[in-house]
Structure formats: C-alpha cells, structure tokens
>>> print(open('final22.txt').read())   # compact mmCIF, C-alpha atoms and all ligand atoms
# COMPACT_ATOMS: atom_id res chain seq x y z
CA MET D 548 -83.11 -41.27 1.25
CA PRO D 549 -81.25 -37.97 1.64
CA ASN D 550 -78.71 -37.67 4.39
CA PRO D 551 -80.24 -35.12 6.77
CA THR D 552 -76.91 -34.05 8.21
CA SER D 553 -75.19 -33.21 4.96
CA LEU D 554 -77.95 -30.84 3.78
CA THR D 555 -76.54 -30.82 0.28
CA GLU D 556 -78.61 -31.22 -2.85
CA PRO D 557 -77.22 -33.91 -5.12
CA SER D 558 -76.94 -31.39 -7.94
CA ALA D 559 -75.79 -28.50 -5.77
CA PRO D 560 -72.18 -27.31 -5.73
CA THR D 561 -70.18 -28.86 -2.90
CA HIS D 562 -69.89 -25.60 -0.96
CA LEU D 563 -73.67 -25.36 -0.80
CA THR D 564 -73.89 -26.95 2.63
CA LEU D 565 -74.91 -25.74 6.03
CA ALA D 566 -72.44 -25.70 8.88
CA VAL D 567 -72.39 -29.05 10.68
CA ALA D 568 -73.54 -27.41 13.93
CA SER D 569 -76.60 -25.98 12.17
CA ALA D 570 -77.26 -29.25 10.38
CA GLU D 571 -77.36 -31.15 13.65
CA THR D 572 -79.78 -28.73 15.26
CA LEU D 573 -82.04 -28.75 12.19
CA THR D 574 -82.59 -32.48 12.53
CA SER D 575 -84.38 -31.92 15.85
CA CYS D 576 -87.23 -30.06 14.12
CA PHE D 577 -90.47 -32.05 14.46
CA GLN D 578 -92.61 -29.70 12.34
CA CYS D 579 -94.77 -28.24 15.10
CA ALA D 580 -94.91 -24.95 13.11
CA LYS D 581 -94.52 -22.75 16.20
CA CYS D 582 -91.89 -20.80 14.27
CA SER D 583 -94.31 -20.02 11.46
CA ASN D 584 -97.13 -19.16 13.87
CA GLY D 585 -94.98 -16.49 15.50
CA CYS D 586 -93.49 -15.06 12.32
CA PRO D 587 -94.66 -11.45 11.76
CA VAL D 588 -94.44 -11.79 7.98
CA ALA D 589 -96.03 -15.25 7.72
CA ASP D 590 -99.15 -13.76 6.11
CA ILE D 591 -97.19 -12.80 3.01
CA ALA D 592 -94.83 -15.79 3.02
CA ASP D 593 -94.55 -17.83 -0.16
CA LEU D 594 -92.79 -20.49 1.91
CA LEU D 595 -93.35 -20.65 5.66
CA PRO D 596 -90.40 -20.96 8.06
CA HIS D 597 -91.25 -24.54 9.18
CA ARG D 598 -91.43 -25.61 5.53
CA ILE D 599 -88.05 -24.00 4.90
CA VAL D 600 -86.59 -25.93 7.84
CA ARG D 601 -88.06 -29.17 6.48
CA LEU D 602 -86.60 -28.59 3.02
CA ALA D 603 -83.25 -27.75 4.58
CA GLN D 604 -83.40 -30.97 6.61
CA LEU D 605 -83.80 -32.86 3.35
CA GLY D 606 -80.97 -30.96 1.72
CA LEU D 607 -83.34 -29.31 -0.73
CA LEU D 608 -82.00 -25.77 -0.54
CA ARG D 609 -82.85 -24.49 -4.01
CA GLU D 610 -86.51 -23.81 -3.31
CA PRO D 611 -85.94 -21.87 -0.07
CA MET D 612 -83.04 -19.97 -1.67
CA ALA D 613 -85.38 -18.82 -4.44
CA SER D 614 -88.23 -17.96 -2.05
CA GLU D 615 -89.31 -14.42 -1.34
CA HIS D 616 -89.68 -15.19 2.34
CA ILE D 617 -85.96 -15.18 3.07
CA TRP D 618 -85.86 -11.58 1.81
CA ASN D 619 -89.07 -10.57 3.60
CA CYS D 620 -87.64 -11.99 6.83
CA THR D 621 -87.07 -9.13 9.27
CA GLY D 622 -84.51 -11.06 11.30
CA CYS D 623 -86.64 -10.54 14.40
CA GLY D 624 -85.67 -13.97 15.77
CA ALA D 625 -89.20 -14.83 16.95
CA CYS D 626 -89.00 -18.19 15.14
CA SER D 627 -85.81 -19.22 16.95
CA THR D 628 -87.11 -17.99 20.32
CA ARG D 629 -90.39 -19.89 19.98
CA CYS D 630 -88.83 -23.14 18.82
CA PRO D 631 -89.05 -25.82 21.53
CA ASN D 632 -85.99 -27.56 20.08
CA GLU D 633 -83.74 -24.51 19.72
CA VAL D 634 -83.58 -24.84 15.96
CA PRO D 635 -81.71 -21.74 14.69
CA VAL D 636 -84.42 -20.79 12.18
CA ALA D 637 -83.47 -17.09 11.91
CA LYS D 638 -79.82 -18.05 11.37
CA LEU D 639 -80.95 -20.41 8.61
CA MET D 640 -82.73 -17.49 6.86
CA ASP D 641 -79.50 -15.47 6.94
CA HIS D 642 -77.54 -18.41 5.62
CA LEU D 643 -79.97 -18.93 2.75
CA LYS D 644 -79.78 -15.23 1.81
CA SER D 645 -76.05 -15.33 1.64
CA GLU D 646 -76.06 -18.58 -0.38
CA ALA D 647 -78.70 -17.20 -2.75
CA LEU D 648 -76.44 -14.23 -3.46
CA SER D 649 -73.29 -16.25 -3.93
CA GLU D 650 -75.14 -18.73 -6.16
CA GLN D 651 -76.69 -15.83 -8.11
CA ILE D 652 -80.17 -17.30 -7.73
CA PRO D 653 -82.60 -15.21 -9.87
CA LEU D 654 -84.67 -13.01 -7.56
CA GLY D 655 -88.10 -11.47 -8.04
CA ALA D 656 -88.27 -7.66 -8.35
CA ASP D 657 -89.18 -7.09 -4.68
CA SER D 658 -86.59 -9.56 -3.39
CA ALA D 659 -83.94 -7.96 -5.61
CA LYS D 660 -84.69 -4.56 -4.04
CA VAL D 661 -84.31 -6.00 -0.54
CA ALA D 662 -81.12 -7.81 -1.58
CA LYS D 663 -79.69 -4.54 -2.89
CA PHE D 664 -80.58 -2.76 0.34
CA HIS D 665 -79.07 -5.65 2.32
CA ALA D 666 -75.78 -5.38 0.39
CA LEU D 667 -75.62 -1.58 0.71
CA PHE D 668 -76.38 -1.75 4.43
CA ASN D 669 -73.60 -4.29 4.95
CA LYS D 670 -71.21 -2.19 2.88
CA ALA D 671 -71.87 0.93 4.96
CA VAL D 672 -71.52 -0.89 8.28
CA CYS D 673 -68.32 -2.55 7.09
CA LYS D 674 -66.89 0.80 5.97
CA TYR D 675 -68.04 3.14 8.75
CA GLY D 676 -68.94 0.80 11.60
CA ARG D 677 -72.47 2.25 11.45
CA SER D 678 -75.31 2.33 8.97
CA TYR D 679 -75.47 5.39 6.69
CA GLU D 680 -79.17 5.78 5.99
CA LEU D 681 -79.03 8.72 3.61
CA GLY D 682 -76.26 7.23 1.49
CA THR D 683 -78.15 3.94 1.27
CA LEU D 684 -81.45 5.61 0.42
CA ARG D 685 -79.82 7.60 -2.38
CA LYS D 686 -78.86 4.31 -4.02
CA VAL D 687 -82.17 2.47 -3.63
CA LYS D 688 -84.67 5.28 -4.26
CA THR D 689 -85.21 7.27 -7.42
CA THR D 690 -84.84 11.08 -7.31
CA ARG D 691 -88.60 11.33 -7.68
CA GLU D 692 -89.14 9.04 -4.68
CA MET D 693 -86.60 11.04 -2.65
CA LEU D 694 -88.32 14.32 -3.53
CA GLY D 695 -91.70 12.81 -2.59
CA GLN D 696 -90.36 12.13 0.91
CA MET D 697 -88.52 15.42 1.28
CA ARG D 698 -90.66 16.70 4.16
CA LEU D 699 -90.21 13.49 6.15
CA GLY D 700 -86.48 13.55 5.38
CA MET D 701 -86.12 17.13 6.65
CA THR D 702 -87.91 16.25 9.88
CA MET D 703 -85.65 13.25 10.39
CA LEU D 704 -82.57 15.37 9.70
CA ARG D 705 -83.68 18.01 12.22
CA ARG D 706 -84.27 15.33 14.84
CA GLY D 707 -80.91 13.71 14.21
CA LYS D 708 -82.45 10.46 12.96
CA ILE D 709 -80.48 10.64 9.70
CA HIS D 710 -77.28 12.50 8.89
CA LEU D 711 -75.92 14.20 5.78
CA ARG D 712 -72.49 12.69 6.32
CA PRO D 713 -71.79 9.15 7.53
CA ALA D 714 -71.07 8.75 11.24
CA ARG D 715 -67.93 6.68 11.86
CA ILE D 716 -66.84 4.66 14.85
CA ARG D 717 -63.22 4.81 15.97
CA ASP D 718 -62.26 1.13 15.63
CA ARG D 719 -63.47 0.50 12.08
CA LYS D 720 -60.68 -1.99 11.56
CA ALA D 721 -62.27 -4.33 14.16
CA VAL D 722 -65.59 -4.18 12.31
CA ARG D 723 -63.92 -4.96 8.99
CA GLU D 724 -62.24 -7.92 10.65
CA LEU D 725 -65.63 -9.17 11.89
CA PHE D 726 -67.01 -8.98 8.34
CA ARG D 727 -63.96 -10.82 7.04
CA ARG D 728 -64.26 -13.59 9.65
CA ALA D 729 -67.97 -13.96 8.92
CA GLY D 730 -67.09 -14.50 5.27
CA VAL D 731 -68.99 -11.40 4.09
CA THR D 732 -65.82 -9.79 2.74
CA LYS D 733 -62.39 -11.18 1.87
S1 LIG D 801 -90.71 -24.33 15.93
FE1 LIG D 801 -88.82 -25.51 15.78
S2 LIG D 801 -89.49 -27.66 15.91
FE2 LIG D 801 -91.29 -26.43 15.44
S3 LIG D 801 -91.42 -26.45 13.17
FE3 LIG D 801 -90.27 -24.61 13.75
S4 LIG D 801 -88.14 -25.23 13.68
FE4 LIG D 801 -89.36 -27.09 13.74
S1 LIG D 802 -86.59 -14.08 11.95
FE1 LIG D 802 -87.60 -14.02 9.95
S2 LIG D 802 -88.53 -16.07 9.71
FE2 LIG D 802 -88.04 -15.79 11.87
S3 LIG D 802 -89.93 -15.01 12.79
FE3 LIG D 802 -88.65 -13.23 12.28
S4 LIG D 802 -89.33 -12.63 10.23
FE4 LIG D 802 -90.10 -14.72 10.56
>>> encode(input="final22.txt", output="structure tokens", more="lines below")
Ligand code: SF4
Ligand code: SF4
Amino acid sequence: MPNPTSLTEPSAPTHLTLAVASAETLTSCFQCAKCSNGCPVADIADLLPHRIVRLAQLGLLREPMASEHIWNCTGCGACSTRCPNEVPVAKLMDHLKSEALSEQIPLGADSAKVAKFHALFNKAVCKYGRSYELGTLRKVKTTREMLGQMRLGMTMLRRGKIHLRPARIRDRKAVRELFRRAGVTK
C-alpha cells in the first residue's frame, strides 16, 4: 500500500516528491470530481484533474507528468476554488509541469510548444519584470506564421497591446529574487 503522504513513486528519484503541505491537503480529496466538472479544458483532457489528484495521492506521478492536460491547463484556478476540501489542484498542475521539465519527460508536439512558451514567458518576466509578447512570439512562431498575422499585429501595436521593445519595471532585482526563491532559477 503506497504511503499517501510521501507521494513518491518507488522508482522515482528522491527529489520527485510534493511538498509536505501539499501532500497533506491532497489526502483530503474524496474524488467528488467537482474540480473536473468546472475545468474549462476538461473536454480535451487526456487525464482529468480529479484523476490527476488521485494518482498524486498514490504517489504515481509519472502518468500525470506525461499527460497533455498539465500543459493545456490555463491556470484559471477554478478547480481549486470549487474543491470542497481546499485541495490545491491548480498548484499541483504547476508542480507537475515543473517536475516534468526537470525530469525531461518526453512531451507530445503540442505540449512541447506550450512548454517552450511557458519557459520563454518565465524568462521574459524574470528578466524584465513583465512579459514581452513580441519577443516571445518571435521565438515560437515561424516567419510565415508571423507574416500571416501581420494585420492583427499592427492593430495590437497601434493600440499599445504589444510593444516593439520590452517594457521593464524598476525593481527587476526583486523579481529575479522571487524566481530564485521559487526555485525557477538559481
Ligand atoms: S474537487 Fe477536490 S475533493 Fe473533489 S475530486 Fe477534486 S480535488 Fe478531490
Ligand atoms: S487551473 Fe487548470 S486544471 Fe484547474 S480548472 Fe483551470 S484549467 Fe482546469
């Protein structure tokens, strides 16, 4: 019988564990599926949020780490808000994403695209304190795709929705420190 509070697969590396605080709150899940019923991307989920919580309870993290759902997750937090037991479902999705990257879990083509966007977004926020949409788009879209959206891009530029140069906040050092403390950067 797996130990529900350790949340570690027998074959998984020792660092592949959830924080004790998260582990304790996960054990209160009674599989009502309210999280999945409120998830806006449940229709395309290969693994529903309540199933992911159940696997995490059992310490079986490989399957959820390899699922497409963690990358389709919008981070809206509806699952956590709807949960009657305050299980931090959205936080679990974030944790699984970060573990999947550090464990170099093979991703499907669509998930890999989202993972790349995720990494570039984090990099820009860490560097400038704000997202840099145009810089990120240049790295995830082909020239052909960019040209195909030229008209939309020009409208967004005119309306100040995107910028040619990255906007920077004053206290970027504080943001970098936040990233370091969260373990995203060293
Ligand atoms: S809503 Fe909460 S208790 Fe219900 S299945 Fe989801 S995580 Fe478990
Ligand atoms: S945070 Fe993710 S898993 Fe939770 S409801 Fe939103 S999209 Fe679904």
>>> residues_near_ligand(input="final22.txt", ligand="ligand LIG 801 (chain D)", cutoff="7 Å", atoms="all atoms listed in the file", output="ChimeraX atom specification")
/D:575-583,596-597,600,626,629-634,636
>>> write_last_selection(input="final22.txt", atoms="C-alpha atoms", output="PDB file, in the coordinates of the input")
ATOM      1  CA  SER D 575     -84.380 -31.920  15.850  1.00  0.00           C
ATOM      2  CA  CYS D 576     -87.230 -30.060  14.120  1.00  0.00           C
ATOM      3  CA  PHE D 577     -90.470 -32.050  14.460  1.00  0.00           C
ATOM      4  CA  GLN D 578     -92.610 -29.700  12.340  1.00  0.00           C
ATOM      5  CA  CYS D 579     -94.770 -28.240  15.100  1.00  0.00           C
ATOM      6  CA  ALA D 580     -94.910 -24.950  13.110  1.00  0.00           C
ATOM      7  CA  LYS D 581     -94.520 -22.750  16.200  1.00  0.00           C
ATOM      8  CA  CYS D 582     -91.890 -20.800  14.270  1.00  0.00           C
ATOM      9  CA  SER D 583     -94.310 -20.020  11.460  1.00  0.00           C
ATOM     10  CA  PRO D 596     -90.400 -20.960   8.060  1.00  0.00           C
ATOM     11  CA  HIS D 597     -91.250 -24.540   9.180  1.00  0.00           C
ATOM     12  CA  VAL D 600     -86.590 -25.930   7.840  1.00  0.00           C
ATOM     13  CA  CYS D 626     -89.000 -18.190  15.140  1.00  0.00           C
ATOM     14  CA  ARG D 629     -90.390 -19.890  19.980  1.00  0.00           C
ATOM     15  CA  CYS D 630     -88.830 -23.140  18.820  1.00  0.00           C
ATOM     16  CA  PRO D 631     -89.050 -25.820  21.530  1.00  0.00           C
ATOM     17  CA  ASN D 632     -85.990 -27.560  20.080  1.00  0.00           C
ATOM     18  CA  GLU D 633     -83.740 -24.510  19.720  1.00  0.00           C
ATOM     19  CA  VAL D 634     -83.580 -24.840  15.960  1.00  0.00           C
ATOM     20  CA  VAL D 636     -84.420 -20.790  12.180  1.00  0.00           C
TER      21      VAL D 636
END
>>> closest_residue(input="final22.txt", among="D:Ser614, D:Thr574, D:Ser678, D:Asn619", to="ligand LIG 802 (chain D)", atoms="all atoms listed in the file")
D:Asn619
>>> closest_residue(input="final22.txt", among="D:Asp641, D:Glu615, D:Asp590, D:Glu610", to="Ala729 of chain D", atoms="all atoms listed in the file")
D:Asp641
>>> closest_residue(input="final22.txt", among="D:Pro587, D:Pro611, D:Gly730, D:Gly676", to="Leu643 of chain D", atoms="all atoms listed in the file")
D:Pro611
>>> closest_residue(input="final22.txt", among="D:Leu573, D:Val731, D:Met703, D:Ala589", to="ligand LIG 802 (chain D)", atoms="all atoms listed in the file")
D:Ala589
>>> decode(input="final22.txt", residues="segment 578-650 of chain D", atoms="C-alpha atoms", output="compact mmCIF listing (two decimals), in the first residue's frame")
# COMPACT_ATOMS: atom_id res chain seq x y z
CA GLN D 578 -12.99 12.11 -5.61
CA CYS D 579 -16.19 14.13 -5.98
CA ALA D 580 -14.88 15.40 -9.36
CA LYS D 581 -16.11 18.97 -8.80
CA CYS D 582 -12.68 20.14 -9.94
CA SER D 583 -13.00 18.33 -13.26
CA ASN D 584 -16.59 19.49 -13.76
CA GLY D 585 -15.51 23.12 -13.53
CA CYS D 586 -12.36 22.82 -15.61
CA PRO D 587 -12.67 24.83 -18.85
CA VAL D 588 -10.38 22.46 -20.74
CA ALA D 589 -11.85 19.21 -19.39
CA ASP D 590 -13.36 18.41 -22.81
CA ILE D 591 -9.91 17.95 -24.31
CA ALA D 592 -8.25 16.46 -21.22
CA ASP D 593 -6.42 13.17 -21.62
CA LEU D 594 -6.39 12.93 -17.83
CA LEU D 595 -8.99 14.81 -15.78
CA PRO D 596 -7.96 16.90 -12.78
CA HIS D 597 -9.61 14.59 -10.18
CA ARG D 598 -7.80 11.61 -11.71
CA ILE D 599 -4.52 13.53 -11.51
CA VAL D 600 -5.17 14.25 -7.83
CA ARG D 601 -5.91 10.55 -7.21
CA LEU D 602 -2.69 9.45 -8.92
CA ALA D 603 -0.76 12.04 -6.95
CA GLN D 604 -2.32 10.75 -3.72
CA LEU D 605 -0.98 7.32 -4.59
CA GLY D 606 2.44 8.70 -5.44
CA LEU D 607 2.03 7.77 -9.09
CA LEU D 608 3.35 10.96 -10.65
CA ARG D 609 4.74 9.63 -13.92
CA GLU D 610 1.40 9.40 -15.72
CA PRO D 611 0.22 12.91 -14.81
CA MET D 612 3.67 14.33 -15.60
CA ALA D 613 3.43 12.85 -19.10
CA SER D 614 -0.18 13.98 -19.61
CA GLU D 615 -1.14 16.71 -22.04
CA HIS D 616 -3.60 18.15 -19.55
CA ILE D 617 -0.97 19.75 -17.34
CA TRP D 618 0.16 21.76 -20.39
CA ASN D 619 -3.39 22.54 -21.54
CA CYS D 620 -4.18 23.79 -18.04
CA THR D 621 -4.83 27.54 -18.20
CA GLY D 622 -4.05 28.07 -14.52
CA CYS D 623 -7.51 29.59 -14.06
CA GLY D 624 -7.80 28.11 -10.55
CA ALA D 625 -11.44 27.03 -10.99
CA CYS D 626 -10.56 23.53 -9.75
CA SER D 627 -9.06 24.81 -6.50
CA THR D 628 -11.92 27.27 -5.95
CA ARG D 629 -14.60 24.61 -6.47
CA CYS D 630 -12.96 21.99 -4.29
CA PRO D 631 -14.92 21.48 -1.05
CA ASN D 632 -11.75 20.30 0.70
CA GLU D 633 -9.42 23.09 -0.42
CA VAL D 634 -7.20 20.72 -2.33
CA PRO D 635 -4.66 22.90 -4.21
CA VAL D 636 -5.38 21.31 -7.60
CA ALA D 637 -4.10 24.23 -9.72
CA LYS D 638 -0.90 24.34 -7.67
CA LEU D 639 -0.48 20.62 -8.28
CA MET D 640 -0.68 21.23 -12.07
CA ASP D 641 2.11 23.82 -11.80
CA HIS D 642 4.19 21.47 -9.71
CA LEU D 643 3.78 18.65 -12.22
CA LYS D 644 4.81 20.93 -15.10
CA SER D 645 7.95 21.94 -13.35
CA GLU D 646 8.79 18.33 -12.41
CA ALA D 647 8.10 17.16 -15.97
CA LEU D 648 10.62 19.70 -17.25
CA SER D 649 13.28 18.90 -14.70
CA GLU D 650 12.80 15.15 -15.26
